[in-house]
Amino acid sequence: MKIIGIDLAGKDKNPTGFCIMIDKETKVMLLHSNEEILKAVEEIGPDVVAVDAPFSFPEDGYYRDSDQKLQEEGFKPLSPRFPGMRPLVERALKLVPELRKNYRVIEVFPRATEKILGLEEKKTHEYDALLCALTGKYYFQGKFRAIGKEEIMVPSL
């Protein structure tokens, strides 16, 4: 089992959390450019890439269907239309199609994973990448739920 978790930064000058899970070994690091990310993913050849970033903008309004469903479950996703989120969504719109050429890529929301698994709240890029990878592991094992139309994946216990 090879899983990659990515806590994508909105701008490549900012650190992106990157987690590699191979069987029982886990490694976290920080990367920056899309080229660095694509190269690292290619070197691993993962079964699943789990990315913390909205893969789309809402068709209308401030929230996508999946964001609204997460809110109904008590989670607090930011709107992809929030000004600070725009660069993140735009970056995901470039990176995710490149990743999907060769890999299974899923959208995840690490705060939901953290809460579902009863983990202690931490706010680092490496930790969020680890949460993304954990979500990817649950997905790979078939222990997941797809939330809303955009199918944000969360663990299912």
# chains A, B, ... in the order shown; residues from 1 in each chain; ligands from 1

$ residues_around --residues "Thr113 (chain A)" --least-positions-apart "4" --cutoff "8 Å" --atoms "only C-alpha atoms" --output "PyMOL selection string"
chain A and resi 109+117+131-132+134-135+154-155

$ write_last_selection --atoms "N, CA and C atoms" --output "mmCIF file, in the first residue's frame"
data_model
loop_
_atom_site.group_PDB
_atom_site.id
_atom_site.type_symbol
_atom_site.label_atom_id
_atom_site.label_comp_id
_atom_site.auth_asym_id
_atom_site.auth_seq_id
_atom_site.Cartn_x
_atom_site.Cartn_y
_atom_site.Cartn_z
ATOM 1 N N PHE A 109 -10.786 16.435 3.550
ATOM 2 C CA PHE A 109 -10.896 17.559 4.478
ATOM 3 C C PHE A 109 -10.313 17.097 5.817
ATOM 4 N N LEU A 117 -11.684 10.573 13.755
ATOM 5 C CA LEU A 117 -10.756 9.629 14.377
ATOM 6 C C LEU A 117 -10.439 9.979 15.828
ATOM 7 N N LEU A 131 -2.891 13.662 8.111
ATOM 8 C CA LEU A 131 -4.339 13.418 8.137
ATOM 9 C C LEU A 131 -4.867 13.091 6.740
ATOM 10 N N CYS A 132 -4.346 13.780 5.733
ATOM 11 C CA CYS A 132 -4.743 13.491 4.346
ATOM 12 C C CYS A 132 -4.378 12.050 3.995
ATOM 13 N N LEU A 134 -3.866 9.550 6.051
ATOM 14 C CA LEU A 134 -4.735 8.636 6.811
ATOM 15 C C LEU A 134 -6.082 8.466 6.113
ATOM 16 N N THR A 135 -6.628 9.562 5.621
ATOM 17 C CA THR A 135 -7.897 9.492 4.888
ATOM 18 C C THR A 135 -7.722 8.631 3.641
ATOM 19 N N VAL A 154 -14.058 11.017 3.554
ATOM 20 C CA VAL A 154 -13.782 11.018 4.994
ATOM 21 C C VAL A 154 -13.777 9.568 5.470
ATOM 22 N N PRO A 155 -13.018 9.279 6.542
ATOM 23 C CA PRO A 155 -13.018 7.914 7.079
ATOM 24 C C PRO A 155 -14.408 7.516 7.572
#

$ residues_around --residues "Gln141 (chain A)" --least-positions-apart "6" --cutoff "12 Å" --atoms "only C-alpha atoms" --output "MDAnalysis selection string"
chainID A and resid 1:3 47:48 134:135 155:157

$ write_last_selection --atoms "N, CA and C atoms" --output "PDB file, in the first residue's frame"
ATOM      1  N   MET A   1       0.843  -1.176   0.000  1.00  0.00           N
ATOM      2  CA  MET A   1       0.000   0.000   0.000  1.00  0.00           C
ATOM      3  C   MET A   1       0.890   1.241   0.000  1.00  0.00           C
ATOM      4  N   LYS A   2       0.657   2.109  -0.968  1.00  0.00           N
ATOM      5  CA  LYS A   2       1.382   3.373  -1.055  1.00  0.00           C
ATOM      6  C   LYS A   2       0.370   4.517  -1.130  1.00  0.00           C
ATOM      7  N   ILE A   3       0.401   5.371  -0.111  1.00  0.00           N
ATOM      8  CA  ILE A   3      -0.545   6.483  -0.016  1.00  0.00           C
ATOM      9  C   ILE A   3       0.239   7.779   0.119  1.00  0.00           C
ATOM     10  N   ASP A  47      -0.819   4.339  -4.710  1.00  0.00           N
ATOM     11  CA  ASP A  47      -2.138   3.787  -5.032  1.00  0.00           C
ATOM     12  C   ASP A  47      -3.207   4.873  -4.954  1.00  0.00           C
ATOM     13  N   VAL A  48      -3.010   5.822  -4.029  1.00  0.00           N
ATOM     14  CA  VAL A  48      -3.970   6.913  -3.816  1.00  0.00           C
ATOM     15  C   VAL A  48      -3.191   8.181  -3.453  1.00  0.00           C
ATOM     16  N   LEU A 134      -3.866   9.550   6.051  1.00  0.00           N
ATOM     17  CA  LEU A 134      -4.735   8.636   6.811  1.00  0.00           C
ATOM     18  C   LEU A 134      -6.082   8.466   6.113  1.00  0.00           C
ATOM     19  N   THR A 135      -6.628   9.562   5.621  1.00  0.00           N
ATOM     20  CA  THR A 135      -7.897   9.492   4.888  1.00  0.00           C
ATOM     21  C   THR A 135      -7.722   8.631   3.641  1.00  0.00           C
ATOM     22  N   PRO A 155     -13.018   9.279   6.542  1.00  0.00           N
ATOM     23  CA  PRO A 155     -13.018   7.914   7.079  1.00  0.00           C
ATOM     24  C   PRO A 155     -14.408   7.516   7.572  1.00  0.00           C
ATOM     25  N   SER A 156     -14.681   6.229   7.474  1.00  0.00           N
ATOM     26  CA  SER A 156     -15.920   5.664   8.002  1.00  0.00           C
ATOM     27  C   SER A 156     -15.520   4.568   8.974  1.00  0.00           C
ATOM     28  N   LEU A 157     -15.897   4.741  10.227  1.00  0.00           N
ATOM     29  CA  LEU A 157     -15.508   3.762  11.263  1.00  0.00           C
ATOM     30  C   LEU A 157     -16.599   2.746  11.472  1.00  0.00           C
TER      31      LEU A 157
END

$ closest_residue --among "A:Arg64, A:Lys69, A:Arg91, A:Arg81" --to "Asn34 (chain A)" --atoms "only C-alpha atoms"
A:Arg91

$ residues_around --residues "region 53-60 of chain A" --least-positions-apart "3" --cutoff "6 Å" --atoms "only C-alpha atoms" --output "compact mmCIF listing (two decimals) with N, CA and C atoms, in the first residue's frame"
# COMPACT_ATOMS: atom_id res chain seq x y z
N TYR A 63 -20.85 28.11 -1.35
CA TYR A 63 -20.44 26.76 -0.97
C TYR A 63 -20.87 25.73 -2.01
N ARG A 64 -20.05 24.73 -2.18
CA ARG A 64 -20.39 23.59 -3.02
C ARG A 64 -21.31 22.66 -2.23
N PRO A 80 -14.82 27.95 -1.04
CA PRO A 80 -13.83 28.11 -2.10
C PRO A 80 -13.84 29.52 -2.69
N VAL A 89 -7.67 27.00 -4.77
CA VAL A 89 -8.52 26.30 -5.73
C VAL A 89 -7.91 26.37 -7.12
N ALA A 92 -5.08 23.93 -7.30
CA ALA A 92 -5.61 22.56 -7.38
C ALA A 92 -6.15 22.27 -8.78

$ residues_around --residues "Val51 (chain A)" --least-positions-apart "5" --cutoff "8 Å" --atoms "only C-alpha atoms" --output "PyMOL selection string"
chain A and resi 5-8+105-108+132

$ residues_around --residues "Gly74 (chain A)" --least-positions-apart "4" --cutoff "12 Å" --atoms "only C-alpha atoms" --output "mmCIF file with C-alpha atoms, in the first residue's frame"
data_model
loop_
_atom_site.group_PDB
_atom_site.id
_atom_site.type_symbol
_atom_site.label_atom_id
_atom_site.label_comp_id
_atom_site.auth_asym_id
_atom_site.auth_seq_id
_atom_site.Cartn_x
_atom_site.Cartn_y
_atom_site.Cartn_z
ATOM 1 C CA ASP A 67 -19.155 21.878 1.713
ATOM 2 C CA GLN A 68 -22.797 22.291 2.736
ATOM 3 C CA LYS A 69 -23.074 18.607 3.643
ATOM 4 C CA LEU A 70 -19.894 18.865 5.765
ATOM 5 C CA ARG A 111 -10.335 18.591 10.017
ATOM 6 C CA ALA A 112 -13.138 16.062 9.447
ATOM 7 C CA LYS A 115 -12.597 14.780 14.433
ATOM 8 C CA ILE A 116 -13.887 11.425 13.147
#

$ decode --residues "region 45-73 of chain A" --atoms "N, CA and C atoms" --output "tab-separated table (two decimals), in the first residue's frame"
chain	number	residue	atom	x	y	z
A	45	GLY	N	4.92	6.46	-6.88
A	45	GLY	CA	3.96	5.65	-7.62
A	45	GLY	C	2.84	5.15	-6.72
A	46	PRO	N	2.10	6.08	-6.07
A	46	PRO	CA	1.11	5.71	-5.06
A	46	PRO	C	-0.15	5.04	-5.62
A	47	ASP	N	-0.82	4.34	-4.71
A	47	ASP	CA	-2.14	3.79	-5.03
A	47	ASP	C	-3.21	4.87	-4.95
A	48	VAL	N	-3.01	5.82	-4.03
A	48	VAL	CA	-3.97	6.91	-3.82
A	48	VAL	C	-3.19	8.18	-3.45
A	49	VAL	N	-3.65	9.31	-3.99
A	49	VAL	CA	-3.15	10.63	-3.59
A	49	VAL	C	-4.34	11.38	-2.98
A	50	ALA	N	-4.22	11.75	-1.71
A	50	ALA	CA	-5.30	12.45	-1.00
A	50	ALA	C	-4.89	13.90	-0.80
A	51	VAL	N	-5.69	14.83	-1.35
A	51	VAL	CA	-5.30	16.24	-1.38
A	51	VAL	C	-6.29	17.09	-0.58
A	52	ASP	N	-5.74	17.91	0.31
A	52	ASP	CA	-6.53	18.90	1.05
A	52	ASP	C	-6.54	20.20	0.26
A	53	ALA	N	-7.56	20.35	-0.57
A	53	ALA	CA	-7.81	21.57	-1.34
A	53	ALA	C	-9.11	21.35	-2.09
A	54	PRO	N	-9.93	22.38	-2.20
A	54	PRO	CA	-11.13	22.23	-3.04
A	54	PRO	C	-10.72	22.04	-4.50
A	55	PHE	N	-11.32	21.06	-5.14
A	55	PHE	CA	-11.01	20.77	-6.55
A	55	PHE	C	-11.88	21.58	-7.51
A	56	SER	N	-12.76	22.42	-6.96
A	56	SER	CA	-13.67	23.20	-7.82
A	56	SER	C	-14.23	24.38	-7.05
A	57	PHE	N	-14.80	25.31	-7.82
A	57	PHE	CA	-15.55	26.42	-7.24
A	57	PHE	C	-17.03	26.05	-7.24
A	58	PRO	N	-17.84	26.66	-6.36
A	58	PRO	CA	-19.29	26.41	-6.42
A	58	PRO	C	-19.86	26.90	-7.75
A	59	GLU	N	-20.88	26.20	-8.23
A	59	GLU	CA	-21.54	26.64	-9.45
A	59	GLU	C	-22.19	28.00	-9.23
A	60	ASP	N	-22.82	28.16	-8.07
A	60	ASP	CA	-23.34	29.47	-7.68
A	60	ASP	C	-23.34	29.52	-6.15
A	61	GLY	N	-23.36	30.71	-5.62
A	61	GLY	CA	-23.30	30.85	-4.16
A	61	GLY	C	-21.88	30.71	-3.65
A	62	TYR	N	-21.77	30.53	-2.34
A	62	TYR	CA	-20.45	30.48	-1.71
A	62	TYR	C	-19.94	29.07	-1.43
A	63	TYR	N	-20.85	28.11	-1.35
A	63	TYR	CA	-20.44	26.76	-0.97
A	63	TYR	C	-20.87	25.73	-2.01
A	64	ARG	N	-20.05	24.73	-2.18
A	64	ARG	CA	-20.39	23.59	-3.02
A	64	ARG	C	-21.31	22.66	-2.23
A	65	ASP	N	-21.93	21.72	-2.89
A	65	ASP	CA	-22.81	20.76	-2.23
A	65	ASP	C	-22.06	20.03	-1.11
A	66	SER	N	-20.85	19.57	-1.38
A	66	SER	CA	-20.07	18.83	-0.37
A	66	SER	C	-19.76	19.69	0.84
A	67	ASP	N	-19.44	20.97	0.60
A	67	ASP	CA	-19.16	21.88	1.71
A	67	ASP	C	-20.39	22.03	2.61
A	68	GLN	N	-21.55	22.16	1.98
A	68	GLN	CA	-22.80	22.29	2.74
A	68	GLN	C	-23.09	21.03	3.54
A	69	LYS	N	-22.84	19.87	2.94
A	69	LYS	CA	-23.07	18.61	3.64
A	69	LYS	C	-22.11	18.47	4.83
A	70	LEU	N	-20.85	18.88	4.65
A	70	LEU	CA	-19.89	18.87	5.76
A	70	LEU	C	-20.38	19.78	6.89
A	71	GLN	N	-20.90	20.95	6.52
A	71	GLN	CA	-21.43	21.87	7.53
A	71	GLN	C	-22.58	21.24	8.30
A	72	GLU	N	-23.46	20.54	7.59
A	72	GLU	CA	-24.60	19.88	8.22
A	72	GLU	C	-24.13	18.83	9.24
A	73	GLU	N	-22.93	18.29	9.03
A	73	GLU	CA	-22.38	17.29	9.95
A	73	GLU	C	-21.54	17.93	11.05
